[in-house]
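Asks: Quick one: this structure, given as structure tokens, is what I'll be asking you about.
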Amino acid sequence: MYYRLTDDTALRSWTDIGFACIRKGSRRAYPLTERQAAAFLQCDGLHDIDADATVMLSVLRKLVEPCEKGRLPSEWSSYRKYENPCFPMMNIMLTGKCNFNCLHCFNAADNTALMTEWSFDDVCSLFDEARDCGVMGFTITGGEPMMHDRFLDIIREIYKRDMTVFAVNTNGWFITKEILDELKAIGCTPVFKISFDGIGTHDWMRRREGAERYALDSMRLCLENGFRVLSNTQVNRRNLHTIMPTVKLLDSIGVQEMRIIRTSEAPRWLDNASDACLSMEEYYSSMLECAAEYAHSGMEMDLEIWQYIGLRPRERCYYLKPVRFAAGEYRESGNCCNCTHSMTAITSDGEILPCNQMSGYFLRHGMSFGNVRRTPLVELLNNNEYLRISNMTAGDLSGSGGKCTSCPYFQVCGGGCRALGVLGAGDKGDFSHEDVFKCYFFENGWYQKVTQALSGWKNLSEISISGLNQKEA
């Protein structure tokens, strides 16, 4: 009997993954065993599949289909081998330009040094390189990405190459019904991640009159037209009092997820509101109160509190971001960060970064891992220093000789966020430095405090704390 891969299934290889199955519209590559890969390779419409392979294909039946002899897989489904490690996702900054002048953002409208932008021809060439490296999808960001005068044309070019846009980071100012209709016609239905910093304080944070009204109207418009919405909300001393009313408002209009992010000590924020940063104690304490209130509110929106707690009210469960390895899961080969391990980031001037959230830090310290305007993407993805940081493992940190080496909590947190580790190291650029936020979490009993406050909900990050030298809650 003859089989072919379905049109939304493909077989791929990267230098770090022997064989993997990918699905069109997915952001993951699923490693295959040699036996599975051998069966896949015969699903080309030309091989008469033997009995053993047929048994294997019965397990993979949603990925293959019987066919007449000679009916080949689609061009996209055909096997491809890439000469670089697997980075299935790309975060691309289309433009550094923005129509807002946010107090905390290095891409603010008055920062003329960052007003670079991709030309249409150059970004299309980058998409060709990305496709040829096995990139499957994109997060589109800026600046304000919708300020690019060929925003929709750029989205079309991604889909012409059988790649996907999973998310658009935006302030919402330029979202219209016409643009949403155009995106649907392309087949693009991304999550819109819209910034909203609290009832009555959003305009102040964003330095733009009317920003709050536009953000809320854009959220409603997206939801009415079938797009998912995630609200990115900064929290600091100036807007802390607005957080729960804002949570209630966003839940009431149908926003599917809200992410509350501590406004961190970036240079621009320190220049504009240095007294507004929440201390670690203030942040953990106030956000735990928020989480506990939310858990008993009856609201249904997913809520993620940056580097701390994620709540899924429909399932009455939560997870703890500081717990990288739940009980019995620690392994030295485990990556410190799943995001940097799977997603590369490209700035509007072509710099490649292991973490888009650190672009301001890299710029300020003159750190570069290469530029796609000067060097082919495939070479940059094989760059040793870039790979060292992107693929840093728990074993790398435990052997670094720093605090993590002898920490009793290390096999739970795995060293924490590498971006926060670097920030904790000051100007040293030390990616092996401990994440002081995670240290504070475990050393001051916040695991116990959270589990007590959220008792009755399932803890998806459950660990055994026997033998760990934690303080009592």
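Residues are referred to by chain and number: the chain letter is A, B, ... according to the order shown in the structure tokens, the number counts from 1 in that chain, and ligands are numbered separately from 1 in the order shown.
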Write out as a compact mmCIF listing (two decimals) with N, CA, C and O atoms, in the first residue's frame the set of residues from region 114-208 of chain A that DSSP, computed on the backbone, places in strand (DSSP E).

Replies:
```txt
# COMPACT_ATOMS: atom_id res chain seq x y z
N GLY A 137 7.85 30.02 11.94
CA GLY A 137 6.92 31.08 12.25
C GLY A 137 7.58 32.25 12.94
O GLY A 137 8.74 32.20 13.36
N PHE A 138 6.79 33.33 13.08
CA PHE A 138 7.32 34.60 13.53
C PHE A 138 6.46 35.23 14.62
O PHE A 138 5.24 35.08 14.65
N THR A 139 7.14 35.97 15.50
CA THR A 139 6.51 37.01 16.30
C THR A 139 6.94 38.33 15.69
O THR A 139 8.14 38.56 15.47
N ILE A 140 5.99 39.20 15.39
CA ILE A 140 6.27 40.48 14.75
C ILE A 140 6.24 41.56 15.82
O ILE A 140 5.28 41.69 16.57
N THR A 141 7.31 42.36 15.88
CA THR A 141 7.39 43.37 16.91
C THR A 141 8.06 44.62 16.37
O THR A 141 8.37 44.73 15.19
N GLY A 142 8.27 45.60 17.24
CA GLY A 142 8.91 46.86 16.88
C GLY A 142 9.67 47.40 18.09
O GLY A 142 10.09 46.60 18.94
N THR A 164 4.37 31.12 9.16
CA THR A 164 3.20 31.58 9.91
C THR A 164 3.58 32.76 10.80
O THR A 164 4.72 32.84 11.28
N VAL A 165 2.64 33.65 11.04
CA VAL A 165 2.79 34.69 12.06
C VAL A 165 1.95 34.27 13.27
O VAL A 165 0.74 34.13 13.17
N PHE A 166 2.62 34.03 14.38
CA PHE A 166 1.93 33.57 15.58
C PHE A 166 1.47 34.72 16.47
O PHE A 166 0.48 34.59 17.18
N ALA A 167 2.22 35.83 16.46
CA ALA A 167 1.88 36.92 17.37
C ALA A 167 2.35 38.25 16.79
O ALA A 167 3.34 38.31 16.06
N VAL A 168 1.61 39.30 17.12
CA VAL A 168 1.99 40.66 16.77
C VAL A 168 1.99 41.48 18.05
O VAL A 168 0.96 41.56 18.74
N ASN A 169 3.14 42.06 18.40
CA ASN A 169 3.25 42.93 19.56
C ASN A 169 2.96 44.37 19.11
O ASN A 169 3.66 44.90 18.24
N THR A 170 1.97 44.99 19.69
CA THR A 170 1.52 46.29 19.19
C THR A 170 0.93 47.13 20.33
O THR A 170 0.50 46.60 21.35
N VAL A 191 -2.09 36.02 17.54
CA VAL A 191 -2.45 36.62 18.82
C VAL A 191 -1.98 38.08 18.78
O VAL A 191 -0.83 38.36 18.44
N PHE A 192 -2.86 39.00 19.10
CA PHE A 192 -2.45 40.39 19.23
C PHE A 192 -2.07 40.65 20.69
O PHE A 192 -2.91 40.55 21.58
N LYS A 193 -0.79 40.94 20.88
CA LYS A 193 -0.30 41.26 22.22
C LYS A 193 -0.29 42.77 22.36
O LYS A 193 0.59 43.46 21.83
N ILE A 194 -1.30 43.29 23.04
CA ILE A 194 -1.53 44.74 23.08
C ILE A 194 -1.14 45.28 24.45
O ILE A 194 -1.58 44.77 25.49
N SER A 195 -0.31 46.31 24.45
CA SER A 195 0.15 46.91 25.70
C SER A 195 -0.98 47.70 26.35
O SER A 195 -1.68 48.48 25.68
```

Asks: May I have the residues within 6 Å of Ser390 (chain A) as a tab-separated table (two decimals) with all heavy atoms, in the first residue's frame, using only C-alpha atoms and disregarding those fewer than 3 positions away in the same chain?

Replies:
```tsv
chain	number	residue	atom	x	y	z
A	340	THR	N	15.00	31.03	24.31
A	340	THR	CA	16.22	31.29	23.55
A	340	THR	C	16.67	30.03	22.80
A	340	THR	O	17.31	30.13	21.76
A	340	THR	CB	17.37	31.76	24.46
A	340	THR	OG1	17.64	30.74	25.45
A	340	THR	CG2	17.02	33.05	25.16
A	341	HIS	N	16.30	28.87	23.31
A	341	HIS	CA	16.67	27.61	22.68
A	341	HIS	C	15.88	27.37	21.40
A	341	HIS	O	16.33	26.64	20.52
A	341	HIS	CB	16.44	26.46	23.67
A	341	HIS	CG	16.79	25.11	23.13
A	341	HIS	ND1	18.04	24.79	22.66
A	341	HIS	CD2	16.04	23.99	22.96
A	341	HIS	CE1	18.06	23.54	22.24
A	341	HIS	NE2	16.85	23.03	22.41
A	354	PRO	N	20.07	36.43	21.14
A	354	PRO	CA	19.51	35.23	21.74
A	354	PRO	C	18.23	35.53	22.51
A	354	PRO	O	17.45	34.61	22.79
A	354	PRO	CB	20.62	34.74	22.68
A	354	PRO	CG	21.41	35.97	22.98
A	354	PRO	CD	21.34	36.84	21.77
A	387	LEU	N	25.40	30.32	20.09
A	387	LEU	CA	24.87	29.02	20.51
A	387	LEU	C	25.16	28.76	21.99
A	387	LEU	O	24.35	28.14	22.68
A	387	LEU	CB	25.46	27.91	19.65
A	387	LEU	CG	24.98	27.84	18.21
A	387	LEU	CD1	25.72	26.75	17.45
A	387	LEU	CD2	23.48	27.59	18.15
```

Asks: Rank A:Ile352, A:Leu5, A:Cys21, A:Leu460 by their smallest atom-to-atom distance to Ala37 (chain A), using only C-alpha atoms, and report the top residue only.

Replies: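 Smallest separation from Ala37 (chain A) among the options: A:Cys21.
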
Asks: Using only C-alpha atoms for the distances, tell me which of A:Met147, A:Ile186, A:Leu311, A:Cys339 is nearest to Asn99 (chain A).

Replies: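 Between A:Met147, A:Ile186, A:Leu311, A:Cys339, the residue approaching Asn99 (chain A) most closely is A:Met147.
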
Asks: Rounded to one decimal, what separation in Å do you get between CA of Cys413 (chain A) and CA of Gln452 (chain A)?

Replies: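 Between CA of Cys413 (chain A) and CA of Gln452 (chain A) the gap works out to 19.7 Å.
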
Asks: Closest to Glu257 (chain A) among A:Thr375, A:Asn459, A:Ser279, A:Ser231, using only C-alpha atoms?

Replies: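 Of A:Thr375, A:Asn459, A:Ser279, A:Ser231, the one nearest Glu257 (chain A) is A:Ser231, counting only C-alpha atoms.
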
Asks: In terms of the shortest atom-to-atom distance over only C-alpha atoms, which of A:Glu385, A:Asp217, A:Glu300, A:Glu265 is closest to Cys317 (chain A)?

Replies: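 Under the stated criterion, the closest residue is A:Glu300.
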
Asks: For Arg23 (chain A), which residue among A:Glu68, A:Asp162, A:Glu443, A:Glu289 is the nearest when counting only C-alpha atoms?

Replies: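 Nearest to Arg23 (chain A): A:Asp162.
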
Asks: Can you tell me which residues surround Glu224 (chain A) at a distance of at most 12 Å, considering only C-alpha atoms, apart from same-chain residues fewer than 5 positions away, and format the answer as a list of chain:residue names?

Replies: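 Counting only C-alpha atoms, the residues come to A:Thr176, A:Lys177, A:Leu180, A:Asp181, A:Asp217, A:Ser218, A:Met219, A:Val229, A:Ile253, A:Gly254, A:Val255.
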